[in-house]
Amino acid sequence: MCKFSVTQKFRFFCTDLIEPTIHLMKSICIIFFAFIASLHSFAKANNFATPPDSTKTVKEIADVLLSIEKGKTFLSEGKYREALNAFRDAGTVDPKNWRVLYYSAQCYYVFNSYGISLEYANDAIVYGKENVDNEAYELLARSHHRMGNIDSAIHYYKISLEKINPMRAKELMIDLHLEQCMFAKAEMAGAKTSMRSSLSGDVNSAQNDYSPVLTNNGNVLYFASRRSDSKGGVMNASDEDFFEDVYRAVWNPSTATWDSVSNDLGRINTTGFDCINFISANGMNGLMTVNTSATEEKVITKGSDIFEITMSDKGKWSTPKRISNKSINTSYFEGSATMTADGNTMYFVTDRKGDKSATDIYMVQKVGKNWGEAKALPATINTIGRETTPFISPDGRWLFFSSDGLPGMGGWDVYVVENLGSTWGDPVNLGITVNTVNNDTHFQYYEALKKAVVAGLEVFGKKASINVYEIDMSTFSFPGKK
């Protein structure tokens, strides 16, 4: 039998422990250095400015990657404020990271801060070089478009077509946006000019103000706004802005301004989204869009639904009553309803076919005292883009609406189309007298007053907000009408 000394036994015992540990440490070191090498490669590919030989740099790069992924998750969920905060965290460590710049530009675009979006998208291309996502060029083009830099927008739209695969370019509707730029250039070069003027008084605020509706011979204005004094003072978690309320303003002829602005309108305002879309000529009936799905109201809507309201003899609006017809209000978005003077035909917007198109306009007629089955307008009106905020003339002959899927100046433009009975005519863009290169929506025409109202983006430096405008329509004539 072989005998070992105590020292030998201890040596073998230690070797049994140490050798596996050494192998384990070697494996860890290999993995660690591979991780560092991959981070260094990523840093080089993505233009990290930090030196590659610092332990702190590895942590910083890891933190940036984590912040970017968090931001992208927020983006996919539509939580743009949280996304921007995450990208800002990443930008404090590496301000020249093209991904940080590109995704931040997307957030600023959503916030209508087009000048800032333009700068970030441009920097993403500069610092990203050949590694940058090709859609950064399309975002840069759109930002130029919104800022009214039409030649620059055309330049980058064309680059986008060269760099983005054709199927994706079709999804982004780059050809349409190029066509819009050409239309805008022609309108700007023509003899006609804008007939819009921002409403005086306290209607337009630092917040978004939109959905104007005139009543009482043009002396009372209802509109929607997302102000801090909205009912409940509650913010919408998804965009960190206040829920909208209906406000009313009164025309003051002595000062020639709109004043007495108030949302103290009784029962029509909830703690959610509330917006008047239509008021009858006699001012006694109306249609609203209400969404309380994100609030604690007693009556919770599944999404945005269409409600009816009536004015009492004492001059107060009734509690909004949801239209129960299942072909009108569904679990999808419904809103922006308008009605003919006889109350028998209604048009509204829905995204129930969002898998094929974004939002479409539907028409529904009364059968006796009840609403019938709602049906979509034809594809000449409803495009694969977004149609919204219809307004039907009292006689039902002319439909005004906004669309970003038809040739125009850019964003949502206002169009008019004739109801020919069994068919519809072709939509006609109202041109530069009404439209801009940004979103123009909620158009309502009052022929007897020879004026219209509309909501549109007004650019202030690098940012923009939605304001309400009045349009002089004294020279307007319907297409083909003499």
# chains A, B, ... in the order shown; residues from 1 in each chain; ligands from 1
$ residues_around --residues "A:Asn219" --least-positions-apart "2" --cutoff "12 Å" --atoms "only C-alpha atoms" --output "list in words"
Val213, Leu214, Thr215, Asn216, Asn217, Leu221, Tyr222, Arg248, Ala249, Val250, Trp251, Asn252, Pro253, Ala256, Thr257, Trp258, Asp259, Ser260, Gly283 and Leu449 of chain A
$ write_last_selection --atoms "N, CA and C atoms" --output "compact mmCIF listing (two decimals), in the first residue's frame"
# COMPACT_ATOMS: atom_id res chain seq x y z
N VAL A 213 -66.31 74.63 -33.17
CA VAL A 213 -67.69 74.55 -33.67
C VAL A 213 -68.37 75.88 -33.36
N LEU A 214 -68.88 76.55 -34.39
CA LEU A 214 -69.57 77.82 -34.20
C LEU A 214 -71.07 77.61 -34.06
N THR A 215 -71.70 78.43 -33.22
CA THR A 215 -73.15 78.40 -33.07
C THR A 215 -73.65 79.80 -32.74
N ASN A 216 -74.97 79.96 -32.62
CA ASN A 216 -75.57 81.26 -32.31
C ASN A 216 -75.10 82.33 -33.29
N ASN A 217 -75.27 82.04 -34.59
CA ASN A 217 -74.89 82.98 -35.65
C ASN A 217 -73.42 83.39 -35.59
N LEU A 221 -68.49 80.03 -29.63
CA LEU A 221 -67.55 79.04 -30.15
C LEU A 221 -67.30 77.96 -29.10
N TYR A 222 -67.49 76.71 -29.50
CA TYR A 222 -67.08 75.58 -28.68
C TYR A 222 -65.80 75.00 -29.27
N ARG A 248 -66.00 76.81 -23.98
CA ARG A 248 -66.87 77.71 -24.73
C ARG A 248 -66.32 79.13 -24.64
N ALA A 249 -66.36 79.84 -25.76
CA ALA A 249 -65.94 81.24 -25.81
C ALA A 249 -67.06 82.06 -26.43
N VAL A 250 -67.14 83.32 -26.05
CA VAL A 250 -68.19 84.22 -26.54
C VAL A 250 -67.54 85.39 -27.26
N TRP A 251 -68.10 85.75 -28.42
CA TRP A 251 -67.58 86.87 -29.20
C TRP A 251 -67.97 88.19 -28.54
N ASN A 252 -66.97 89.04 -28.33
CA ASN A 252 -67.20 90.36 -27.73
C ASN A 252 -67.05 91.40 -28.83
N PRO A 253 -68.15 91.95 -29.35
CA PRO A 253 -68.06 92.90 -30.47
C PRO A 253 -67.38 94.21 -30.09
N ALA A 256 -63.79 93.13 -30.18
CA ALA A 256 -63.50 92.31 -31.37
C ALA A 256 -62.58 91.14 -31.02
N THR A 257 -62.88 90.49 -29.89
CA THR A 257 -62.10 89.33 -29.45
C THR A 257 -63.04 88.27 -28.87
N TRP A 258 -62.52 87.06 -28.76
CA TRP A 258 -63.23 85.98 -28.09
C TRP A 258 -62.84 86.01 -26.61
N ASP A 259 -63.83 86.07 -25.74
CA ASP A 259 -63.52 86.08 -24.31
C ASP A 259 -64.49 85.16 -23.56
N SER A 260 -64.53 85.29 -22.24
CA SER A 260 -65.39 84.45 -21.38
C SER A 260 -65.15 82.97 -21.62
N GLY A 283 -78.94 75.12 -32.39
CA GLY A 283 -78.16 75.06 -31.15
C GLY A 283 -78.73 74.16 -30.08
N LEU A 449 -72.28 82.67 -43.07
CA LEU A 449 -71.32 83.59 -42.43
C LEU A 449 -70.14 83.91 -43.34
$ atom_distance --atom1 "atom CA of A:Ala86" --atom2 "atom CA of A:Lys462"
21.8 Å
$ residues_around --residues "A:Thr441" --least-positions-apart "3" --cutoff "10 Å" --atoms "only C-alpha atoms" --output "JSON, numbers by chain"
{"A": [210, 211, 212, 387, 388, 389, 390, 400, 401, 402, 403, 411, 412, 413, 414, 435, 438, 444, 453, 454, 455, 456, 457, 466, 468]}
$ select_by_dssp --residues "stretch 36-213 of chain A" --states "helix (DSSP H, G or I)" --output "ChimeraX atom specification"
/A:36-45,55-76,80-93,98-110,114-131,135-146,150-163,166-171,174-189
$ write_last_selection --atoms "C-alpha atoms" --output "tab-separated table (two decimals), in the first residue's frame"
chain	number	residue	atom	x	y	z
A	36	ILE	CA	-15.32	43.41	-23.50
A	37	ALA	CA	-14.23	42.81	-27.07
A	38	SER	CA	-17.85	42.66	-28.22
A	39	LEU	CA	-18.65	45.87	-26.38
A	40	HIS	CA	-15.61	47.53	-27.90
A	41	SER	CA	-16.70	46.38	-31.34
A	42	PHE	CA	-20.20	47.68	-30.68
A	43	ALA	CA	-18.78	50.94	-29.42
A	44	LYS	CA	-16.67	51.36	-32.52
A	45	ALA	CA	-19.56	50.50	-34.82
A	55	THR	CA	-13.30	49.42	-17.14
A	56	LYS	CA	-15.64	52.37	-16.58
A	57	THR	CA	-16.20	52.54	-20.33
A	58	VAL	CA	-17.57	48.98	-20.33
A	59	LYS	CA	-20.09	49.91	-17.66
A	60	GLU	CA	-21.02	53.10	-19.47
A	61	ILE	CA	-21.56	51.24	-22.71
A	62	ALA	CA	-23.68	48.64	-20.94
A	63	ASP	CA	-25.74	51.41	-19.33
A	64	VAL	CA	-26.28	53.08	-22.70
A	65	LEU	CA	-27.39	49.79	-24.25
A	66	LEU	CA	-29.82	49.21	-21.41
A	67	SER	CA	-31.25	52.74	-21.70
A	68	ILE	CA	-31.66	52.37	-25.46
A	69	GLU	CA	-33.52	49.09	-25.08
A	70	LYS	CA	-35.77	50.59	-22.40
A	71	GLY	CA	-36.48	53.53	-24.68
A	72	LYS	CA	-37.31	51.29	-27.63
A	73	THR	CA	-39.72	49.31	-25.46
A	74	PHE	CA	-41.45	52.53	-24.40
A	75	LEU	CA	-41.59	53.60	-28.06
A	76	SER	CA	-43.32	50.36	-29.05
A	80	TYR	CA	-43.07	58.68	-25.80
A	81	ARG	CA	-42.24	60.71	-22.69
A	82	GLU	CA	-40.75	57.70	-20.93
A	83	ALA	CA	-38.93	56.77	-24.13
A	84	LEU	CA	-37.40	60.21	-24.49
A	85	ASN	CA	-36.27	60.16	-20.84
A	86	ALA	CA	-34.54	56.84	-21.42
A	87	PHE	CA	-32.78	58.15	-24.53
A	88	ARG	CA	-31.75	61.26	-22.61
A	89	ASP	CA	-30.15	59.04	-19.97
A	90	ALA	CA	-28.19	57.28	-22.72
A	91	GLY	CA	-27.28	60.61	-24.30
A	92	THR	CA	-25.69	61.94	-21.12
A	93	VAL	CA	-23.15	59.10	-21.37
A	98	TRP	CA	-26.59	57.61	-33.54
A	99	ARG	CA	-29.24	55.30	-32.08
A	100	VAL	CA	-29.84	57.68	-29.20
A	101	LEU	CA	-30.09	60.59	-31.63
A	102	TYR	CA	-32.34	58.75	-34.09
A	103	TYR	CA	-34.84	57.48	-31.52
A	104	SER	CA	-34.89	60.85	-29.77
A	105	ALA	CA	-35.73	62.46	-33.11
A	106	GLN	CA	-38.72	60.11	-33.41
A	107	CYS	CA	-40.00	61.24	-30.00
A	108	TYR	CA	-39.60	64.93	-30.76
A	109	TYR	CA	-41.46	64.45	-34.04
A	110	VAL	CA	-44.41	62.96	-32.15
A	114	TYR	CA	-40.12	69.38	-35.73
A	115	GLY	CA	-37.09	71.66	-35.59
A	116	ILE	CA	-35.58	69.60	-32.76
A	117	SER	CA	-36.46	66.37	-34.55
A	118	LEU	CA	-34.71	67.71	-37.64
A	119	GLU	CA	-31.52	68.45	-35.69
A	120	TYR	CA	-31.43	65.06	-33.98
A	121	ALA	CA	-32.12	63.15	-37.20
A	122	ASN	CA	-29.39	65.08	-38.99
A	123	ASP	CA	-26.89	64.40	-36.17
A	124	ALA	CA	-27.80	60.71	-36.24
A	125	ILE	CA	-26.83	60.59	-39.92
A	126	VAL	CA	-23.63	62.57	-39.32
A	127	TYR	CA	-22.40	60.42	-36.44
A	128	GLY	CA	-23.87	57.13	-37.61
A	129	LYS	CA	-22.41	57.37	-41.11
A	130	GLU	CA	-22.74	54.03	-42.92
A	131	ASN	CA	-24.17	52.33	-39.78
A	135	GLU	CA	-35.09	55.42	-42.14
A	136	ALA	CA	-33.28	58.29	-40.45
A	137	TYR	CA	-33.22	59.92	-43.90
A	138	GLU	CA	-36.99	59.57	-44.21
A	139	LEU	CA	-37.48	61.06	-40.74
A	140	LEU	CA	-35.19	63.94	-41.67
A	141	ALA	CA	-37.22	64.49	-44.85
A	142	ARG	CA	-40.51	64.56	-42.92
A	143	SER	CA	-39.10	67.00	-40.38
A	144	HIS	CA	-37.98	69.34	-43.15
A	145	HIS	CA	-41.42	68.92	-44.74
A	146	ARG	CA	-43.20	69.94	-41.52
A	150	ILE	CA	-39.70	71.87	-49.17
A	151	ASP	CA	-36.54	71.63	-51.29
A	152	SER	CA	-34.65	69.93	-48.46
A	153	ALA	CA	-37.57	67.60	-47.88
A	154	ILE	CA	-37.55	66.61	-51.56
A	155	HIS	CA	-33.80	66.01	-51.40
A	156	TYR	CA	-34.01	63.62	-48.45
A	157	TYR	CA	-37.16	61.88	-49.64
A	158	LYS	CA	-35.25	60.99	-52.82
A	159	ILE	CA	-32.29	59.71	-50.79
A	160	SER	CA	-34.75	57.65	-48.72
A	161	LEU	CA	-36.09	55.99	-51.88
A	162	GLU	CA	-32.54	54.99	-52.81
A	163	LYS	CA	-31.67	53.56	-49.40
A	166	PRO	CA	-39.24	49.30	-51.97
A	167	MET	CA	-41.76	47.48	-49.79
A	168	ARG	CA	-40.88	49.55	-46.72
A	169	ALA	CA	-40.79	52.73	-48.81
A	170	LYS	CA	-44.35	51.97	-49.90
A	171	GLU	CA	-45.42	51.53	-46.27
A	174	ILE	CA	-42.51	58.22	-49.57
A	175	ASP	CA	-43.74	58.62	-53.16
A	176	LEU	CA	-46.91	60.28	-51.85
A	177	HIS	CA	-44.89	62.62	-49.65
A	178	LEU	CA	-42.76	63.60	-52.64
A	179	GLU	CA	-45.95	64.29	-54.57
A	180	GLN	CA	-47.18	66.42	-51.66
A	181	CYS	CA	-43.97	68.46	-51.76
A	182	MET	CA	-44.44	69.11	-55.47
A	183	PHE	CA	-48.05	70.14	-54.84
A	184	ALA	CA	-46.95	72.45	-52.02
A	185	LYS	CA	-44.31	74.09	-54.23
A	186	ALA	CA	-46.88	74.74	-56.95
A	187	GLU	CA	-49.36	76.19	-54.43
A	188	MET	CA	-46.70	78.43	-52.90
A	189	ALA	CA	-45.68	79.67	-56.33
$ residues_around --residues "A:Asn277" --least-positions-apart "4" --cutoff "7 Å" --atoms "only C-alpha atoms" --output "number ranges by chain"
A: 211, 213, 287-288, 336-338
$ write_last_selection --atoms "C-alpha atoms" --output "mmCIF file, in the first residue's frame"
data_model
loop_
_atom_site.group_PDB
_atom_site.id
_atom_site.type_symbol
_atom_site.label_atom_id
_atom_site.label_comp_id
_atom_site.auth_asym_id
_atom_site.auth_seq_id
_atom_site.Cartn_x
_atom_site.Cartn_y
_atom_site.Cartn_z
ATOM 1 C CA SER A 211 -62.250 70.979 -32.817
ATOM 2 C CA VAL A 213 -67.689 74.550 -33.673
ATOM 3 C CA LEU A 287 -72.736 65.135 -31.133
ATOM 4 C CA MET A 288 -69.698 64.482 -28.964
ATOM 5 C CA SER A 336 -65.687 63.160 -35.037
ATOM 6 C CA ALA A 337 -69.340 62.783 -35.998
ATOM 7 C CA THR A 338 -71.231 65.236 -38.221
#
$ select_by_dssp --residues "stretch 129-370 of chain A" --states "strand (DSSP E)" --output "ChimeraX atom specification"
/A:196-198,209-215,220-225,235-236,241-242,245-252,257-262,273-279,285-291,305-310,321-322,334-339,345-350,360-367,370
$ closest_residue --among "A:Asp404, A:Asp133, A:Asp342, A:Asp245" --to "A:Arg267" --atoms "only C-alpha atoms"
A:Asp245
$ residues_around --residues "A:Asn429" --least-positions-apart "2" --cutoff "7 Å" --atoms "only C-alpha atoms" --output "list in words"
Gly408, Val414, Tyr415, Val416, Pro427 and Gly431 of chain A
$ atom_distance --atom1 "atom CA of A:Leu399" --atom2 "atom CA of A:Tyr445"
10.2 Å
$ residues_around --residues "A:Thr345" --least-positions-apart "5" --cutoff "8 Å" --atoms "only C-alpha atoms" --output "list in words"
Met339, Thr340, Met363, Val364, Gln365, Lys366 and Gly396 of chain A
$ write_last_selection --atoms "C-alpha atoms" --output "PDB file, in the first residue's frame"
ATOM      1  CA  MET A 339     -74.857  65.307 -39.334  1.00  0.00           C
ATOM      2  CA  THR A 340     -77.101  66.727 -42.054  1.00  0.00           C
ATOM      3  CA  MET A 363     -71.878  56.926 -43.171  1.00  0.00           C
ATOM      4  CA  VAL A 364     -75.061  55.804 -41.434  1.00  0.00           C
ATOM      5  CA  GLN A 365     -78.681  56.747 -42.105  1.00  0.00           C
ATOM      6  CA  LYS A 366     -81.779  56.593 -39.976  1.00  0.00           C
ATOM      7  CA  GLY A 396     -75.870  66.612 -47.478  1.00  0.00           C
TER       8      GLY A 396
END
$ closest_residue --among "A:Ala374, A:Val417, A:Val290, A:Val367" --to "A:Asn269" --atoms "only C-alpha atoms"
A:Val290
$ atom_distance --atom1 "atom CA of A:Gly233" --atom2 "atom CA of A:Val459"
26.7 Å
$ closest_residue --among "A:Phe223, A:Gly405, A:Asp360, A:Glu308" --to "A:Leu199" --atoms "only C-alpha atoms"
A:Phe223
